[in-house]
Structures are given as C-alpha cells and as structure tokens.
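Remarks on the structure that follows.
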Amino acid sequence: MRLKRKDLLGIEDLRADEIELILSTAESFKEVSDREIKKVPTLRGKTIINLFYEPSTRTRTSFEIAAKRMSADAINISASSSSVVKGETLKDTARNLEAMKPDCIVVRHSSSGTPRMLSKYVACSVVNAGDGAHEHPSQALLDMLTVKEKKGRIDGLSIAIVGDIAHSRVARSNIYGFTKLGASVIVAGPPTMMPPGIESLGCRATTDMESAIKGADVVMMLRIQTERQKESFFPTIREYSRLYGLNEERVKRAKDDVIILHPGPINRGVEISPEVADGPYSLILDQVTNGVAVRMAIFYLLLGAAREE
C-alpha cells in the first residue's frame, strides 16, 4: 500500500485509514533503529532536501536521520545560510531547488500555508515540518504512534492538551488526528491563549486545567510559543505555571495509568515540573524515538512504496 498523494501537508487532509497506514508502517520501521547497522536500501538514489526557515533540533535531525537510514541523500538548508538573506523569494527558491531534481522537500516556515504554496511550484513531494501556527503533521503522527504503542489503541481514549493552544500547530494537528481515530480531545489553557471557535475542529475547550485532565488517559503539555507572540498573554511565568503547570499533584487527577506527552523543547518548572517530565508516566523520549520511525514511514509511503509495487 502507499499514500495516493504527492505531498503530506497536514493531518486535516488525511483520512483515518491513511493515518493508520502511516502508523503501521512506522511500527515496522522501528526495528531498523535497533540494528547494529541502522540502514536499509529502500530509498537509495533519492534526494531529500530539508528546507528550514525556523530553528529546529528534534524535527530537522529526525528527518535527516530518517532519510539517511533509508539510504537517501539528505541535504540541509537553513534560511540564514540560503539566498533568502539576499532577498530571494520562496517561489524562486522553490523553482531553483526543483531544477536540481530532488525527490522530496521537507519545509518548516513561520508562515501558515507555506508548504501548500510550495507544493504548487514543484513536481517533487513536499512534507510539512511545521508551518506557523497551522499544522505539524509528523509531530501528531509520532504522538499517535506513542499513544497507540502504550495503550494498544486510540479509539475511546480521553486526550487532554494543555497550554498555549492559540499558537500551537501541534495542538491543531493532534486534534485532527486523535479525533479521526476515535479519541475524545479536550483542550485547556488561559482565555487569552484559547482561539475562538477551536471546538469546530472536533474538540472540547475549557480554561480550567483541573477539569481537563480529570480522568484523562493522555495529558499533552504544550510550550508557550513566545516566538509567535507579539504581546504578553499572561501576567507572569510564575502565575502561568501556578494555573497551568503540570506537577505531581495534578497528575493524580488523571487516570492511574495516564501517559504524559510533550512535543519539546520543554521548559522545566513552567508548563511541566522536572519530577513529571522525568517521571514514570512520561513518554517524552519515546516520542523522539518514534519520530524517526514515523518520518521513515512518510518518506517510504511518498517515495518508495510505489516503486516497490
């Protein structure tokens, strides 16, 4: 099986069966990372360009490792070292990269909709690695894989997402993904960080963290997206942490077998306490591990499966 689409631009675009296909494919790729020689020849001869206009550690490294473990050639381009600093437009950048005949461009950009616009200018596949406050599909997929591994299912689970909902592309992609697979999602955060109409995405919303995490199977904490804020949305960091920080006492409100997720980077003592981040319910490092497998699956299903079939 393969994804019958050229690009992966968002979870909103995907059907439930496509999400399941990516997750099952990622599960099969996990063992590659445990081998002594962590490489398969599946995408030998393919070229993947990581085009990042925003800083990134986990996502860019994960995409690069995923490409190399499938024997593809991975090229990294950051805005600070590209012709963007000379005034080149995204359209011209896209056309110049297209002229070099890559097979896939992975793009992260601060403006929502950039990957979709880029996909119209190039014949190769485009993968969204995060666009503004819009979507971050591969992050949601690795989150869903982590939950499915630990819980054995997603359907029927109660998922609480807490923090800066308004500026979080991770929140949006996870709302789309978990609800499509049958989970119940509730989002919680300060009134100033709760976008109007968020319920239209299929979730419930509250400004009360205590009620949001009560009885939750999964609690996902979000970082405050200061880089996407032009004004202050709360009085102080201490006040935010007091009302919306996850500590050991609050974890007790969730189910006994709750799992804690965070897309990273974490701000210890702000949205999550060190004891919870490093505690027995935390699967934050599992998420990072699963990120490589998910991105291998994305590359395979976009670039490799059709050739094998």
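Here, A, B, ... name the chains of the structure tokens in the order displayed, residue numbers run from 1 inside each chain, and ligands are numbered from 1 in the same displayed order.
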With a distance cut-off of 7 Å and only C-alpha atoms, select the neighbouring residues of range 219-223 of chain A, excluding the residue or stretch itself and same-chain residues fewer than 6 positions from it, and output the selection as a ChimeraX atom specification.
/A:159-164,213,259-263,266-267,271
Backbone-only DSSP, alpha helix (DSSP H) members of range 1-215 of chain A, as a ChimeraX atom specification:
/A:16-29,58-69,90-99,114-121,137-151,169-180,209-213
As a VMD selection string, please: every residue in range 4-226 of chain A that DSSP puts in strand (DSSP E or B).
chain A and resid 8 47 to 52 73 to 78 104 to 109 125 to 131 135 158 to 162 184 to 188 204 to 206 218 to 221
Could the residues in this selection be saved with N, CA and C atoms as a short mmCIF file (atom, residue, chain, number, x, y, z; two decimals), in the first residue's frame?
data_model
loop_
_atom_site.label_atom_id
_atom_site.label_comp_id
_atom_site.auth_asym_id
_atom_site.auth_seq_id
_atom_site.Cartn_x
_atom_site.Cartn_y
_atom_site.Cartn_z
N LEU A 8 2.56 15.53 1.91
CA LEU A 8 1.97 15.42 3.24
C LEU A 8 1.99 16.82 3.83
N THR A 47 16.86 11.89 -3.34
CA THR A 47 17.42 13.09 -2.71
C THR A 47 16.33 13.83 -1.95
N ILE A 48 16.58 14.09 -0.68
CA ILE A 48 15.62 14.78 0.19
C ILE A 48 16.27 16.07 0.71
N ILE A 49 15.59 17.18 0.52
CA ILE A 49 16.09 18.47 0.97
C ILE A 49 15.30 18.92 2.19
N ASN A 50 15.99 19.22 3.29
CA ASN A 50 15.36 19.79 4.48
C ASN A 50 15.53 21.31 4.42
N LEU A 51 14.43 22.00 4.14
CA LEU A 51 14.45 23.47 3.97
C LEU A 51 13.80 24.10 5.20
N PHE A 52 14.62 24.58 6.13
CA PHE A 52 14.11 25.07 7.41
C PHE A 52 14.33 26.57 7.55
N ASP A 73 19.90 10.52 0.04
CA ASP A 73 20.83 11.63 0.25
C ASP A 73 20.04 12.78 0.88
N ALA A 74 20.48 13.25 2.05
CA ALA A 74 19.79 14.32 2.76
C ALA A 74 20.61 15.60 2.72
N ILE A 75 19.99 16.68 2.26
CA ILE A 75 20.63 17.98 2.17
C ILE A 75 19.90 18.94 3.10
N ASN A 76 20.64 19.62 3.99
CA ASN A 76 20.04 20.56 4.93
C ASN A 76 20.29 22.00 4.51
N ILE A 77 19.22 22.79 4.45
CA ILE A 77 19.32 24.21 4.11
C ILE A 77 18.59 25.01 5.18
N SER A 78 19.26 25.98 5.78
CA SER A 78 18.62 26.88 6.73
C SER A 78 18.53 28.26 6.11
N CYS A 104 12.10 15.00 -2.78
CA CYS A 104 11.23 15.47 -1.70
C CYS A 104 11.84 16.70 -1.06
N ILE A 105 11.00 17.66 -0.70
CA ILE A 105 11.42 18.83 0.06
C ILE A 105 10.64 18.85 1.36
N VAL A 106 11.36 18.83 2.47
CA VAL A 106 10.76 18.96 3.80
C VAL A 106 10.90 20.42 4.20
N VAL A 107 9.80 21.10 4.49
CA VAL A 107 9.88 22.54 4.74
C VAL A 107 9.24 22.91 6.07
N ARG A 108 9.97 23.76 6.81
CA ARG A 108 9.42 24.39 8.01
C ARG A 108 9.49 25.90 7.80
N HIS A 109 8.37 26.58 8.12
CA HIS A 109 8.30 28.02 7.87
C HIS A 109 7.40 28.68 8.90
N SER A 125 7.71 15.67 -4.09
CA SER A 125 6.87 15.64 -2.89
C SER A 125 7.28 16.75 -1.93
N VAL A 126 6.31 17.27 -1.20
CA VAL A 126 6.56 18.27 -0.16
C VAL A 126 5.99 17.75 1.16
N VAL A 127 6.80 17.82 2.20
CA VAL A 127 6.37 17.40 3.54
C VAL A 127 6.41 18.61 4.46
N ASN A 128 5.30 18.85 5.14
CA ASN A 128 5.20 19.97 6.07
C ASN A 128 5.85 19.60 7.40
N ALA A 129 6.92 20.32 7.76
CA ALA A 129 7.60 20.10 9.04
C ALA A 129 7.21 21.16 10.05
N GLY A 130 6.07 21.82 9.81
CA GLY A 130 5.58 22.86 10.71
C GLY A 130 5.46 24.18 10.00
N ASP A 131 4.22 24.70 9.91
CA ASP A 131 4.02 26.00 9.23
C ASP A 131 3.23 26.94 10.14
N GLU A 135 -0.15 23.75 11.20
CA GLU A 135 -0.08 22.31 11.44
C GLU A 135 1.36 21.84 11.57
N SER A 158 -9.35 9.31 26.24
CA SER A 158 -9.58 10.71 26.58
C SER A 158 -8.24 11.44 26.56
N ILE A 159 -8.10 12.41 25.67
CA ILE A 159 -6.84 13.13 25.47
C ILE A 159 -7.01 14.57 25.94
N ALA A 160 -6.16 15.02 26.85
CA ALA A 160 -6.17 16.42 27.29
C ALA A 160 -4.92 17.11 26.76
N ILE A 161 -5.11 18.23 26.07
CA ILE A 161 -3.99 19.03 25.55
C ILE A 161 -4.03 20.37 26.28
N VAL A 162 -2.94 20.71 26.96
CA VAL A 162 -2.94 21.87 27.86
C VAL A 162 -1.83 22.84 27.51
N SER A 184 -11.44 11.16 22.28
CA SER A 184 -12.12 12.37 22.71
C SER A 184 -11.04 13.36 23.17
N VAL A 185 -11.03 14.56 22.59
CA VAL A 185 -9.99 15.53 22.89
C VAL A 185 -10.58 16.75 23.58
N ILE A 186 -9.92 17.17 24.67
CA ILE A 186 -10.28 18.42 25.33
C ILE A 186 -9.02 19.28 25.42
N VAL A 187 -9.14 20.56 25.11
CA VAL A 187 -8.00 21.47 25.19
C VAL A 187 -8.24 22.45 26.33
N ALA A 188 -7.15 22.83 27.00
CA ALA A 188 -7.26 23.75 28.14
C ALA A 188 -6.11 24.74 28.10
N ARG A 204 -13.36 19.64 22.67
CA ARG A 204 -13.99 20.49 23.67
C ARG A 204 -12.93 21.45 24.20
N ALA A 205 -13.36 22.56 24.77
CA ALA A 205 -12.42 23.56 25.26
C ALA A 205 -12.81 24.05 26.64
N THR A 206 -11.80 24.34 27.45
CA THR A 206 -12.03 24.88 28.78
C THR A 206 -10.83 25.71 29.19
N VAL A 218 -4.46 10.42 28.50
CA VAL A 218 -3.25 11.04 27.97
C VAL A 218 -3.30 12.54 28.28
N VAL A 219 -2.20 13.08 28.80
CA VAL A 219 -2.09 14.52 29.01
C VAL A 219 -0.90 15.01 28.19
N MET A 220 -1.16 15.92 27.27
CA MET A 220 -0.11 16.51 26.45
C MET A 220 0.08 17.96 26.86
N MET A 221 1.28 18.29 27.30
CA MET A 221 1.59 19.65 27.70
C MET A 221 2.28 20.38 26.55
#
Measuring between only C-alpha atoms, which one of A:Leu142, A:Leu43, A:Leu23, A:Leu14 shows the shortest distance to Val292 in chain A?
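Once distances to Val292 in chain A are computed over only C-alpha atoms, the minimum belongs to A:Leu142.
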Write out as a ChimeraX atom specification each polymer residue whose atoms come within 9 Å of Tyr244 in chain A, counting only C-alpha atoms; drop sequence neighbours fewer than 2 positions from it.
/A:162-163,188-190,208-210,239-242,246,270-272
Output of the above residues as a compact mmCIF listing (two decimals), in the first residue's frame, restricted to all heavy atoms:
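part23.txt was written with the following content:
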# COMPACT_ATOMS: atom_id res chain seq x y z
N VAL A 162 -2.94 20.71 26.96
CA VAL A 162 -2.94 21.87 27.86
C VAL A 162 -1.83 22.84 27.51
O VAL A 162 -0.68 22.44 27.30
CB VAL A 162 -2.77 21.41 29.33
CG1 VAL A 162 -2.80 22.61 30.27
CG2 VAL A 162 -3.83 20.39 29.71
N GLY A 163 -2.18 24.14 27.47
CA GLY A 163 -1.15 25.16 27.28
C GLY A 163 -1.54 26.22 26.28
O GLY A 163 -2.70 26.65 26.24
N ALA A 188 -7.15 22.83 27.00
CA ALA A 188 -7.26 23.75 28.14
C ALA A 188 -6.11 24.74 28.10
O ALA A 188 -4.98 24.39 27.73
CB ALA A 188 -7.24 22.99 29.45
N GLY A 189 -6.39 25.96 28.49
CA GLY A 189 -5.37 26.99 28.54
C GLY A 189 -5.97 28.30 28.99
O GLY A 189 -7.19 28.42 29.18
N PRO A 190 -5.15 29.32 29.16
CA PRO A 190 -5.66 30.64 29.56
C PRO A 190 -6.64 31.17 28.51
O PRO A 190 -6.51 30.85 27.32
CB PRO A 190 -4.40 31.51 29.61
CG PRO A 190 -3.27 30.55 29.73
CD PRO A 190 -3.69 29.31 29.01
N ASP A 208 -10.15 25.70 32.46
CA ASP A 208 -9.88 25.06 33.75
C ASP A 208 -9.04 23.80 33.55
O ASP A 208 -9.55 22.77 33.12
CB ASP A 208 -11.20 24.72 34.45
CG ASP A 208 -10.99 24.07 35.81
OD1 ASP A 208 -9.85 24.09 36.31
OD2 ASP A 208 -11.96 23.51 36.35
N MET A 209 -7.77 23.87 33.85
CA MET A 209 -6.89 22.73 33.65
C MET A 209 -7.29 21.53 34.50
O MET A 209 -7.22 20.39 34.06
CB MET A 209 -5.45 23.12 33.97
CG MET A 209 -4.46 21.98 33.83
SD MET A 209 -2.80 22.44 34.30
CE MET A 209 -1.94 20.88 34.00
N GLU A 210 -7.72 21.80 35.73
CA GLU A 210 -8.07 20.71 36.65
C GLU A 210 -9.16 19.81 36.06
O GLU A 210 -9.06 18.58 36.10
CB GLU A 210 -8.55 21.29 37.99
CG GLU A 210 -7.66 22.36 38.59
CD GLU A 210 -6.41 21.79 39.22
OE1 GLU A 210 -6.38 20.58 39.45
OE2 GLU A 210 -5.47 22.56 39.47
N GLU A 239 2.76 32.95 37.50
CA GLU A 239 1.30 32.84 37.52
C GLU A 239 0.83 31.77 36.54
O GLU A 239 -0.07 30.98 36.83
CB GLU A 239 0.68 34.20 37.17
CG GLU A 239 -0.84 34.21 37.13
CD GLU A 239 -1.48 34.20 38.51
OE1 GLU A 239 -0.73 34.18 39.50
OE2 GLU A 239 -2.71 34.20 38.59
N TYR A 240 1.44 31.75 35.34
CA TYR A 240 1.07 30.74 34.35
C TYR A 240 1.34 29.33 34.89
O TYR A 240 0.49 28.43 34.78
CB TYR A 240 1.86 30.96 33.05
CG TYR A 240 1.56 29.93 31.99
CD1 TYR A 240 0.51 30.12 31.09
CD2 TYR A 240 2.29 28.74 31.90
CE1 TYR A 240 0.21 29.16 30.13
CE2 TYR A 240 2.00 27.79 30.95
CZ TYR A 240 0.96 28.00 30.06
OH TYR A 240 0.67 27.05 29.12
N SER A 241 2.51 29.15 35.47
CA SER A 241 2.87 27.83 35.98
C SER A 241 1.94 27.40 37.11
O SER A 241 1.57 26.23 37.22
CB SER A 241 4.31 27.86 36.48
OG SER A 241 4.70 26.58 36.96
N ARG A 242 1.53 28.34 37.94
CA ARG A 242 0.62 28.02 39.05
C ARG A 242 -0.73 27.52 38.55
O ARG A 242 -1.32 26.60 39.11
CB ARG A 242 0.43 29.25 39.94
CG ARG A 242 -0.41 28.99 41.19
CD ARG A 242 -0.53 30.23 42.05
NE ARG A 242 -1.35 31.26 41.40
CZ ARG A 242 -2.68 31.30 41.42
NH1 ARG A 242 -3.35 30.34 42.06
NH2 ARG A 242 -3.35 32.27 40.83
N LEU A 246 1.94 21.42 34.92
CA LEU A 246 1.64 20.04 35.34
C LEU A 246 2.66 19.59 36.37
O LEU A 246 3.85 19.49 36.08
CB LEU A 246 1.67 19.10 34.12
CG LEU A 246 1.24 17.66 34.39
CD1 LEU A 246 -0.23 17.60 34.82
CD2 LEU A 246 1.48 16.78 33.16
N VAL A 270 7.93 25.42 34.18
CA VAL A 270 6.93 26.34 33.62
C VAL A 270 5.67 25.55 33.29
O VAL A 270 4.73 25.51 34.07
CB VAL A 270 7.47 27.08 32.38
CG1 VAL A 270 6.40 28.04 31.83
CG2 VAL A 270 8.73 27.86 32.74
N GLU A 271 5.66 24.85 32.13
CA GLU A 271 4.47 24.06 31.81
C GLU A 271 4.52 22.65 32.38
O GLU A 271 3.51 21.94 32.43
CB GLU A 271 4.26 23.98 30.28
CG GLU A 271 5.26 23.11 29.53
CD GLU A 271 6.51 23.84 29.12
OE1 GLU A 271 6.67 25.01 29.50
OE2 GLU A 271 7.33 23.23 28.41
N ILE A 272 5.70 22.22 32.83
CA ILE A 272 5.82 20.88 33.39
C ILE A 272 6.94 20.86 34.42
O ILE A 272 7.99 21.47 34.23
CB ILE A 272 6.08 19.84 32.26
CG1 ILE A 272 5.98 18.41 32.77
CG2 ILE A 272 7.42 20.09 31.58
CD1 ILE A 272 5.95 17.37 31.65
Could you check which of A:Val147, A:Val258, A:Arg60, A:Val288 is closest to Val276 in chain A, using only C-alpha atoms?
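Using only C-alpha atoms, Val276 in chain A sits closest to A:Val258.
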From the list A:Lys101, A:Lys68, A:Thr57, A:Arg15, which residue is nearest Ser33 in chain A when using only C-alpha atoms?
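Nearest to Ser33 in chain A: A:Lys68.
CA of Gly264 in chain A to CA of Arg2 in chain A spans 29.8 Å [interatomic distance, one decimal].
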For Gly132 in chain A, find every residue with an atom within 8 Å (counting only C-alpha atoms), except residues of its own chain fewer than 3 positions away, and show them as a PyMOL selection string.
chain A and resi 109-113+135+169+228
Name all residues at most 12 Å from Lys148 in chain A (count only C-alpha atoms; drop same-chain ones fewer than 6 positions away) and give them as a list of chain:residue names.
A:Glu20, A:Leu23, A:Ser24, A:Ala26, A:Glu27, A:Leu141, A:Leu142, A:Ile154, A:Asp155, A:Gly156, A:Leu157, A:Phe178, A:Leu181, A:Ala183, A:Asp217, A:Val218, A:Ile259, A:Asp286, A:Gln287, A:Asn290
Compile the contact shell of Val32 in chain A as a PyMOL selection string: residues with an atom at most 12 Å away, counting only C-alpha atoms, same-chain residues fewer than 2 positions apart removed.
chain A and resi 26-30+34-42+65-66+68-70+289-290+292-293+296-297
For the selection just defined, write its residues with N, CA, C and O atoms to a file, as a compact mmCIF listing (two decimals), in the first residue's frame.
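Saved as result31.txt:
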# COMPACT_ATOMS: atom_id res chain seq x y z
N ALA A 26 5.21 2.83 10.23
CA ALA A 26 6.23 3.30 11.18
C ALA A 26 6.59 2.21 12.18
O ALA A 26 7.77 2.04 12.54
N GLU A 27 5.60 1.45 12.62
CA GLU A 27 5.86 0.36 13.56
C GLU A 27 6.83 -0.65 12.96
O GLU A 27 7.72 -1.16 13.65
N SER A 28 6.68 -0.91 11.67
CA SER A 28 7.55 -1.88 11.01
C SER A 28 8.98 -1.36 10.83
O SER A 28 9.92 -2.14 10.70
N PHE A 29 9.14 -0.03 10.83
CA PHE A 29 10.46 0.55 10.65
C PHE A 29 11.22 0.75 11.97
O PHE A 29 12.42 1.02 11.96
N LYS A 30 10.56 0.61 13.09
CA LYS A 30 11.20 0.88 14.38
C LYS A 30 12.41 -0.02 14.62
O LYS A 30 13.42 0.42 15.18
N ASP A 34 17.25 -0.26 15.85
CA ASP A 34 17.86 -1.11 16.87
C ASP A 34 18.93 -2.03 16.28
O ASP A 34 19.58 -2.79 17.01
N ARG A 35 19.11 -1.97 14.96
CA ARG A 35 20.12 -2.82 14.33
C ARG A 35 21.52 -2.28 14.61
O ARG A 35 21.71 -1.10 14.91
N GLU A 36 22.51 -3.14 14.44
CA GLU A 36 23.90 -2.70 14.57
C GLU A 36 24.24 -1.73 13.43
O GLU A 36 24.87 -0.70 13.64
N ILE A 37 23.79 -2.08 12.22
CA ILE A 37 23.92 -1.18 11.07
C ILE A 37 22.53 -0.64 10.77
O ILE A 37 21.66 -1.35 10.25
N LYS A 38 22.32 0.61 11.12
CA LYS A 38 20.98 1.21 11.07
C LYS A 38 20.68 1.77 9.69
O LYS A 38 20.55 2.99 9.50
N LYS A 39 20.52 0.88 8.72
CA LYS A 39 20.29 1.37 7.36
C LYS A 39 19.62 0.30 6.52
O LYS A 39 19.92 -0.89 6.64
N VAL A 40 18.67 0.74 5.68
CA VAL A 40 18.05 -0.11 4.67
C VAL A 40 18.18 0.60 3.32
O VAL A 40 18.28 1.82 3.27
N PRO A 41 18.19 -0.15 2.22
CA PRO A 41 18.45 0.46 0.91
C PRO A 41 17.22 1.00 0.20
O PRO A 41 17.28 1.37 -0.97
N THR A 42 16.11 1.12 0.91
CA THR A 42 14.81 1.40 0.27
C THR A 42 14.81 2.64 -0.60
O THR A 42 14.20 2.65 -1.67
N ILE A 65 17.99 11.99 9.92
CA ILE A 65 18.31 10.61 10.29
C ILE A 65 17.40 9.63 9.56
O ILE A 65 17.84 8.60 9.05
N ALA A 66 16.11 9.97 9.48
CA ALA A 66 15.16 9.09 8.78
C ALA A 66 15.56 8.89 7.33
O ALA A 66 15.53 7.77 6.80
N LYS A 68 18.59 9.24 5.98
CA LYS A 68 19.85 8.51 5.87
C LYS A 68 19.69 7.04 6.23
O LYS A 68 20.38 6.19 5.67
N ARG A 69 18.78 6.73 7.15
CA ARG A 69 18.57 5.33 7.50
C ARG A 69 17.88 4.57 6.37
O ARG A 69 17.90 3.35 6.34
N MET A 70 17.29 5.31 5.43
CA MET A 70 16.70 4.67 4.26
C MET A 70 17.58 4.83 3.03
O MET A 70 17.17 4.60 1.90
N THR A 289 12.09 9.05 19.87
CA THR A 289 12.45 7.80 19.20
C THR A 289 11.46 7.47 18.08
O THR A 289 11.85 7.12 16.96
N ASN A 290 10.17 7.61 18.38
CA ASN A 290 9.15 7.29 17.39
C ASN A 290 9.14 8.28 16.24
O ASN A 290 8.65 7.96 15.15
N VAL A 292 11.62 9.32 14.46
CA VAL A 292 12.44 8.81 13.36
C VAL A 292 11.67 7.77 12.55
O VAL A 292 11.64 7.81 11.32
N ALA A 293 11.01 6.84 13.24
CA ALA A 293 10.26 5.79 12.55
C ALA A 293 9.11 6.36 11.74
O ALA A 293 8.85 5.92 10.61
N MET A 296 10.52 8.02 8.65
CA MET A 296 10.91 6.99 7.70
C MET A 296 9.68 6.48 6.94
O MET A 296 9.72 6.29 5.72
N ALA A 297 8.60 6.27 7.68
CA ALA A 297 7.36 5.79 7.06
C ALA A 297 6.81 6.79 6.06
O ALA A 297 6.34 6.42 4.98
